[in-house]
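Okay, protein.cif now, which holds mmCIF, C-alpha atoms:
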```cif
data_protein
#
loop_
_atom_site.label_atom_id
_atom_site.label_comp_id
_atom_site.auth_asym_id
_atom_site.auth_seq_id
_atom_site.Cartn_x
_atom_site.Cartn_y
_atom_site.Cartn_z
CA THR A 26 -42.10 257.04 30.11
CA PHE A 27 -40.24 254.89 27.61
CA VAL A 28 -43.25 254.70 25.28
CA ILE A 29 -43.86 258.46 25.49
CA ALA A 30 -40.20 259.16 24.73
CA VAL A 31 -40.29 256.87 21.69
CA VAL A 32 -43.52 258.43 20.37
CA PHE A 33 -42.20 261.99 20.63
CA ALA A 34 -38.88 260.99 19.06
CA LEU A 35 -40.71 259.43 16.09
CA ILE A 36 -42.81 262.57 15.68
CA ILE A 37 -39.77 264.86 15.73
CA THR A 38 -37.70 262.88 13.22
CA PHE A 39 -39.03 259.57 12.02
CA LYS A 40 -36.11 258.51 9.82
CA PHE A 41 -33.59 258.83 12.62
CA SER A 42 -35.72 257.48 15.46
CA VAL A 43 -37.10 254.39 13.74
CA ILE A 44 -33.59 252.94 13.34
CA LEU A 45 -32.74 253.36 17.02
CA VAL A 46 -36.12 252.00 18.12
CA ALA A 47 -35.53 248.91 15.98
CA LEU A 48 -32.18 248.39 17.70
CA MET A 49 -33.79 248.80 21.13
CA SER A 50 -36.44 246.20 20.31
CA PHE A 51 -33.72 243.57 20.06
CA LEU A 52 -32.68 244.44 23.61
CA ILE A 53 -36.25 243.98 24.83
CA ILE A 54 -36.43 240.55 23.18
CA SER A 55 -33.15 239.40 24.75
CA SER A 56 -34.28 240.66 28.17
CA THR A 57 -37.53 238.70 27.86
CA ILE A 58 -35.61 235.51 27.06
CA SER A 59 -33.26 235.99 30.01
CA PHE A 60 -36.29 236.73 32.21
CA ASN A 61 -37.79 233.32 31.43
CA VAL A 62 -34.48 231.51 31.91
CA LEU A 63 -33.82 233.24 35.23
CA SER A 64 -37.31 232.39 36.46
CA LYS A 65 -36.60 228.67 36.04
CA VAL A 66 -33.17 228.94 37.69
CA ILE A 67 -34.51 230.89 40.67
CA SER A 68 -37.34 228.38 41.04
CA ASN A 69 -34.75 225.59 41.26
CA ILE A 70 -32.76 227.59 43.84
CA GLN A 71 -35.79 228.10 46.04
CA SER A 72 -36.83 224.44 45.71
CA ALA A 73 -33.37 223.28 46.77
CA GLY A 74 -33.42 225.67 49.72
CA VAL A 75 -36.85 224.48 50.84
CA GLU A 76 -35.77 220.85 50.59
CA ALA A 77 -32.62 221.54 52.65
CA GLY A 78 -34.67 223.32 55.30
CA THR A 79 -37.15 220.44 55.40
CA ILE A 80 -34.34 217.94 55.98
CA ILE A 81 -32.96 220.00 58.87
CA ASN A 82 -36.39 220.36 60.50
CA GLU A 83 -37.15 216.65 60.19
CA VAL A 84 -33.78 215.58 61.53
CA ILE A 85 -33.89 217.93 64.53
CA ALA A 86 -37.49 217.03 65.33
CA GLY A 87 -36.74 213.30 65.19
CA ILE A 88 -33.12 213.31 66.33
CA ARG A 89 -33.67 210.36 68.67
CA THR A 90 -35.04 208.22 65.87
CA VAL A 91 -32.25 209.31 63.52
CA LYS A 92 -29.67 208.38 66.14
CA ALA A 93 -31.37 205.08 66.90
CA PHE A 94 -31.24 204.01 63.24
CA CYS A 95 -27.69 205.36 62.70
CA GLY A 96 -28.99 207.83 60.10
CA GLU A 97 -26.71 210.76 60.89
CA ARG A 98 -24.40 210.31 57.91
CA ARG A 99 -27.26 209.79 55.49
CA ALA A 100 -29.06 212.90 56.77
CA VAL A 101 -25.88 214.97 56.49
CA GLN A 102 -25.28 213.68 52.97
CA LYS A 103 -28.82 214.53 51.88
CA TYR A 104 -28.43 218.02 53.32
CA ARG A 105 -25.06 218.45 51.60
CA ASP A 106 -26.54 217.34 48.26
CA CYS A 107 -29.29 219.94 48.54
CA LEU A 108 -26.74 222.65 49.30
CA GLU A 109 -24.64 221.58 46.32
CA GLN A 110 -27.70 221.82 44.09
CA ARG A 111 -28.47 225.27 45.45
CA LYS A 112 -24.86 226.33 44.92
CA LYS A 113 -24.88 225.07 41.33
CA PHE A 114 -28.07 226.93 40.46
CA GLY A 115 -26.82 230.01 42.33
CA VAL A 116 -23.67 230.11 40.21
CA ARG A 117 -25.80 229.73 37.10
CA GLU A 118 -28.07 232.58 38.22
CA GLY A 119 -25.08 234.85 38.83
CA LEU A 120 -23.63 234.02 35.43
CA ILE A 121 -26.88 234.73 33.59
CA SER A 122 -27.52 237.93 35.55
CA GLY A 123 -23.96 239.15 34.97
CA LEU A 124 -24.12 238.45 31.26
CA GLU A 125 -27.49 240.19 31.02
CA ILE A 126 -26.31 243.32 32.83
CA GLY A 127 -23.04 243.42 30.91
CA PHE A 128 -24.72 242.95 27.56
CA THR A 129 -27.33 245.58 28.41
CA SER A 130 -24.69 248.18 29.32
CA PHE A 131 -22.67 247.42 26.21
CA TYR A 132 -25.71 247.54 23.97
CA PHE A 133 -26.88 250.88 25.38
CA ASN A 134 -23.46 252.42 24.76
CA ALA A 135 -23.40 250.92 21.27
CA ILE A 136 -26.81 252.44 20.48
CA TYR A 137 -25.60 255.78 21.84
CA ALA A 138 -22.49 255.69 19.64
CA PHE A 139 -24.48 254.64 16.58
CA GLY A 140 -27.02 257.40 17.23
CA ILE A 141 -24.29 260.05 17.26
CA TYR A 142 -22.71 258.63 14.10
CA TYR A 143 -25.99 258.24 12.19
CA GLY A 144 -27.27 261.62 13.42
CA PHE A 145 -24.12 263.36 12.19
CA HIS A 146 -24.56 261.63 8.82
CA LEU A 147 -28.15 262.89 8.55
CA PHE A 148 -27.04 266.35 9.68
CA GLU A 149 -24.55 266.48 6.82
CA SER A 150 -27.38 265.43 4.51
CA GLY A 151 -29.45 268.48 5.50
CA SER A 152 -31.50 267.30 8.49
CA SER A 153 -32.10 269.66 11.38
CA GLY A 154 -29.45 269.29 14.06
CA ALA A 155 -31.80 270.49 16.81
CA GLN A 156 -34.42 267.87 15.92
CA LEU A 157 -31.80 265.10 15.76
CA LEU A 158 -30.45 266.10 19.16
CA GLN A 159 -33.94 266.23 20.68
CA ALA A 160 -34.80 262.78 19.32
CA LEU A 161 -31.50 261.32 20.51
CA LEU A 162 -31.95 262.72 24.03
CA LEU A 163 -35.52 261.43 24.20
CA LEU A 164 -34.49 257.95 23.11
CA LEU A 165 -31.56 257.92 25.52
CA LEU A 166 -33.88 258.96 28.33
CA GLY A 167 -36.25 256.13 27.49
CA ALA A 168 -33.36 253.68 27.19
CA GLU A 169 -31.97 254.76 30.57
CA ILE A 170 -35.33 254.19 32.26
CA LEU A 171 -35.63 250.82 30.54
CA GLY A 172 -32.14 249.91 31.70
CA ASP A 173 -32.99 250.74 35.31
CA LYS A 174 -35.93 248.37 35.11
CA ILE A 175 -33.82 245.62 33.63
CA GLU A 176 -31.24 245.87 36.44
CA ILE A 177 -33.84 244.95 39.07
CA MET A 178 -35.15 242.02 37.06
CA SER A 179 -33.43 239.47 39.34
CA GLU A 180 -35.47 240.71 42.32
CA VAL A 181 -38.61 240.65 40.18
CA HIS A 182 -37.80 237.07 39.14
CA ALA A 183 -37.43 235.95 42.76
CA ALA A 184 -40.66 237.65 43.84
CA ARG A 185 -42.56 236.21 40.91
CA VAL A 186 -41.39 232.65 41.58
CA ALA A 187 -42.09 232.94 45.33
CA ALA A 188 -45.59 234.31 44.67
CA ARG A 189 -46.29 231.48 42.24
CA LYS A 190 -45.41 228.91 44.93
CA VAL A 191 -47.64 230.66 47.48
CA PHE A 192 -50.61 230.76 45.12
CA THR A 193 -50.00 227.11 44.21
CA ILE A 194 -50.28 226.16 47.90
CA ILE A 195 -53.46 228.23 48.25
CA ASP A 196 -55.01 226.63 45.16
CA ASP A 197 -54.07 223.12 46.35
CA SER A 198 -55.63 223.85 49.75
CA ARG A 199 -58.85 225.00 48.12
CA ARG A 200 -58.99 221.91 45.91
CA ALA A 201 -58.35 219.66 48.90
CA SER A 202 -61.11 221.42 50.83
CA ASP A 203 -63.53 221.00 47.94
CA ASP A 204 -62.65 217.32 47.61
CA ALA A 205 -63.18 216.81 51.34
CA LYS A 206 -66.67 218.27 51.09
CA HIS A 207 -67.59 215.71 48.45
CA HIS A 208 -65.85 212.81 50.22
CA ASN A 209 -66.72 213.25 53.88
CA GLU A 210 -66.87 209.56 54.63
CA ILE A 211 -64.69 206.64 53.66
CA GLU A 212 -66.57 203.63 52.41
CA THR A 213 -65.38 200.84 54.67
CA SER A 214 -67.74 198.23 53.29
CA SER A 215 -65.36 197.52 50.42
CA ILE A 216 -62.38 196.92 52.76
CA GLN A 217 -61.98 193.25 53.56
CA GLY A 218 -59.45 191.31 55.62
CA ASP A 219 -57.75 191.19 59.01
CA LEU A 220 -54.23 192.09 60.14
CA SER A 221 -52.04 189.56 61.86
CA PHE A 222 -48.49 189.80 63.24
CA GLN A 223 -46.87 186.59 64.44
CA ASN A 224 -43.69 186.30 66.57
CA ILE A 225 -42.18 189.67 65.65
CA SER A 226 -38.89 190.69 67.32
CA PHE A 227 -37.18 194.05 66.99
CA ALA A 228 -34.08 195.94 68.16
CA TYR A 229 -32.68 199.27 66.97
CA PRO A 230 -29.55 198.98 64.79
CA SER A 231 -27.58 201.18 67.22
CA ARG A 232 -28.57 198.96 70.18
CA LYS A 233 -28.75 195.45 68.79
CA ASP A 234 -27.99 193.93 72.20
CA ILE A 235 -31.09 195.54 73.73
CA PRO A 236 -34.30 193.99 72.34
CA ILE A 237 -37.29 196.30 72.22
CA PHE A 238 -39.75 193.40 72.06
CA GLN A 239 -39.59 189.69 71.29
CA ASN A 240 -42.09 187.27 69.80
CA LEU A 241 -44.82 189.88 69.54
CA SER A 242 -48.09 188.58 68.12
CA LEU A 243 -51.03 190.82 67.34
CA ASP A 244 -54.34 190.21 65.58
CA VAL A 245 -56.54 193.07 64.43
CA LYS A 246 -59.98 192.14 63.20
CA LYS A 247 -61.91 193.99 60.52
CA GLY A 248 -63.55 197.12 61.95
CA GLN A 249 -61.66 196.85 65.23
CA MET A 250 -60.01 199.98 66.64
CA VAL A 251 -56.57 199.42 68.13
CA ALA A 252 -54.25 201.95 69.81
CA LEU A 253 -50.51 201.35 70.21
CA VAL A 254 -49.32 203.20 73.32
CA GLY A 255 -45.80 203.59 74.65
CA HIS A 256 -42.99 205.99 75.37
CA SER A 257 -40.54 207.15 72.69
CA GLY A 258 -38.20 204.38 71.59
CA SER A 259 -40.49 201.55 72.65
CA GLY A 260 -40.89 200.27 69.11
CA LYS A 261 -44.36 201.50 68.27
#
```
How would this structure read if it were set down as structure tokens?
Amino acid sequence: TFVIAVVFALIITFKFSVILVALMSFLIISSTISFNVLSKVISNIQSAGVEAGTIINEVIAGIRTVKAFCGERRAVQKYRDCLEQRKKFGVREGLISGLEIGFTSFYFNAIYAFGIYYGFHLFESGSSGAQLLQALLLLLLGAEILGDKIEIMSEVHAARVAARKVFTIIDDSRRASDDAKHHNEIETSSIQGDLSFQNISFAYPSRKDIPIFQNLSLDVKKGQMVALVGHSGSGK
């Protein structure tokens, strides 16, 4: 619709329309720049949110281990740092979006005012008032439609970044699957050496007076399969 409006306006009165189209092109360039900047900011927001969610899931799933190693404060601090990062990028996103919308509204009104002024000047010079009015209305219609599209750019940014992450996961899965097909077996002939643990003692930091095991010795020979079995908290 915007392109059609511009084409008809140029046909009706080229001298008047080409000036306003040139002014509108600057708005398109600035919107493209803000689009790229917002994409990076929104990507950082989503990454921080994913990291915070991952921390919560890991802590809740392994709450006994976190408690055993006195890791509550460290987990809370990591979660708080992720939220602070998300807050910082969220404020930056709001600032950029607000400036973009404000500048767009101001620029549209400025173009409208300039169009009336320049059209009146051409009308005094002998140009057809009906043609000038038709061209101005067409350009304003195209500018209004363009402005509506710009206002929803933040949602488009978020969808674009989210889709990029999804397709990245899909591509990584395909590459991993292809690599697995070419590397079905692990060459164990090049692995040399045995594992040996001698007189190992262990107790959780939160229960130092309760030893989990003492003087544990274990030898694992090359090619031997060993399974460590025990209930949760047994020191596996």
Problem - Nearest residue to Gly154 of chain A from the set A:Ile141, A:Ile80, A:Gln110, A:Ser72 (distances using all atoms listed in the file) - result: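 Residue with the minimum atom-to-atom distance to Gly154 of chain A: A:Ile141.
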What would the list of residues within 12 Å of (-40.2, 199.2, 69.0) (file frame) look like as an mmCIF file with C-alpha atoms, keeping the file's coordinate frame, if all atoms listed in the file are what count?
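New file selection_24.cif:
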```cif
data_model
loop_
_atom_site.group_PDB
_atom_site.id
_atom_site.type_symbol
_atom_site.label_atom_id
_atom_site.label_comp_id
_atom_site.auth_asym_id
_atom_site.auth_seq_id
_atom_site.Cartn_x
_atom_site.Cartn_y
_atom_site.Cartn_z
ATOM 1 C CA THR A 90 -35.040 208.220 65.870
ATOM 2 C CA ALA A 93 -31.370 205.080 66.900
ATOM 3 C CA PHE A 94 -31.240 204.010 63.240
ATOM 4 C CA ILE A 225 -42.180 189.670 65.650
ATOM 5 C CA SER A 226 -38.890 190.690 67.320
ATOM 6 C CA PHE A 227 -37.180 194.050 66.990
ATOM 7 C CA ALA A 228 -34.080 195.940 68.160
ATOM 8 C CA TYR A 229 -32.680 199.270 66.970
ATOM 9 C CA PRO A 230 -29.550 198.980 64.790
ATOM 10 C CA ARG A 232 -28.570 198.960 70.180
ATOM 11 C CA ILE A 235 -31.090 195.540 73.730
ATOM 12 C CA PRO A 236 -34.300 193.990 72.340
ATOM 13 C CA ILE A 237 -37.290 196.300 72.220
ATOM 14 C CA PHE A 238 -39.750 193.400 72.060
ATOM 15 C CA GLN A 239 -39.590 189.690 71.290
ATOM 16 C CA LEU A 241 -44.820 189.880 69.540
ATOM 17 C CA LEU A 253 -50.510 201.350 70.210
ATOM 18 C CA VAL A 254 -49.320 203.200 73.320
ATOM 19 C CA GLY A 255 -45.800 203.590 74.650
ATOM 20 C CA HIS A 256 -42.990 205.990 75.370
ATOM 21 C CA SER A 257 -40.540 207.150 72.690
ATOM 22 C CA GLY A 258 -38.200 204.380 71.590
ATOM 23 C CA SER A 259 -40.490 201.550 72.650
ATOM 24 C CA GLY A 260 -40.890 200.270 69.110
ATOM 25 C CA LYS A 261 -44.360 201.500 68.270
#
```
Handout entry: Coordinates-based distance that separates atom CA of Gly123 of chain A from atom CA of Ala168 of chain A (Å, one decimal)
Key = 19.0 Å
Practice task
For each of A:Leu161, A:Cys107, A:Ile53, A:Val91, take the minimum atom-to-atom distance to Gly78 of chain A, counting only C-alpha atoms, then give the residue where this is smallest.
Solution key: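 Ranked by minimum distance to Gly78 of chain A, first place goes to A:Cys107.
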Within 12 Å of segment 125-133 of chain A using all atoms listed in the file, minus same-chain residues under 2 positions, as a short mmCIF file (atom, residue, chain, number, x, y, z; two decimals) with C-alpha atoms, keeping the file's coordinate frame:
```cif
data_model
loop_
_atom_site.label_atom_id
_atom_site.label_comp_id
_atom_site.auth_asym_id
_atom_site.auth_seq_id
_atom_site.Cartn_x
_atom_site.Cartn_y
_atom_site.Cartn_z
CA LEU A 45 -32.74 253.36 17.02
CA VAL A 46 -36.12 252.00 18.12
CA LEU A 48 -32.18 248.39 17.70
CA MET A 49 -33.79 248.80 21.13
CA SER A 50 -36.44 246.20 20.31
CA PHE A 51 -33.72 243.57 20.06
CA LEU A 52 -32.68 244.44 23.61
CA ILE A 53 -36.25 243.98 24.83
CA ILE A 54 -36.43 240.55 23.18
CA SER A 55 -33.15 239.40 24.75
CA SER A 56 -34.28 240.66 28.17
CA THR A 57 -37.53 238.70 27.86
CA ILE A 58 -35.61 235.51 27.06
CA SER A 59 -33.26 235.99 30.01
CA PHE A 60 -36.29 236.73 32.21
CA VAL A 62 -34.48 231.51 31.91
CA LEU A 63 -33.82 233.24 35.23
CA GLU A 118 -28.07 232.58 38.22
CA GLY A 119 -25.08 234.85 38.83
CA LEU A 120 -23.63 234.02 35.43
CA ILE A 121 -26.88 234.73 33.59
CA SER A 122 -27.52 237.93 35.55
CA GLY A 123 -23.96 239.15 34.97
CA ALA A 135 -23.40 250.92 21.27
CA ILE A 136 -26.81 252.44 20.48
CA TYR A 137 -25.60 255.78 21.84
CA ALA A 138 -22.49 255.69 19.64
CA PHE A 139 -24.48 254.64 16.58
CA GLY A 140 -27.02 257.40 17.23
CA LEU A 164 -34.49 257.95 23.11
CA LEU A 165 -31.56 257.92 25.52
CA LEU A 166 -33.88 258.96 28.33
CA GLY A 167 -36.25 256.13 27.49
CA ALA A 168 -33.36 253.68 27.19
CA GLU A 169 -31.97 254.76 30.57
CA ILE A 170 -35.33 254.19 32.26
CA LEU A 171 -35.63 250.82 30.54
CA GLY A 172 -32.14 249.91 31.70
CA ASP A 173 -32.99 250.74 35.31
CA LYS A 174 -35.93 248.37 35.11
CA ILE A 175 -33.82 245.62 33.63
CA GLU A 176 -31.24 245.87 36.44
CA ILE A 177 -33.84 244.95 39.07
CA MET A 178 -35.15 242.02 37.06
CA SER A 179 -33.43 239.47 39.34
#
```
Exercise for the section: Excluding Tyr104 of chain A and residues on its chain fewer than 4 positions from it, collect all residues at most 9 Å away from it, counting only C-alpha atoms, and give them as a VMD selection string. Expected result: chain A and resid 76 to 78 80 to 81 99 to 100 108 to 109
Practice task
Identify which of the residues A:Asp197, A:Gly144, A:Arg189, A:Val181 lies closest to Ile44 of chain A, counting all atoms listed in the file when measuring atom-to-atom distances.
Solution key: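 Answer, going by the shortest atom-to-atom distance: A:Gly144.
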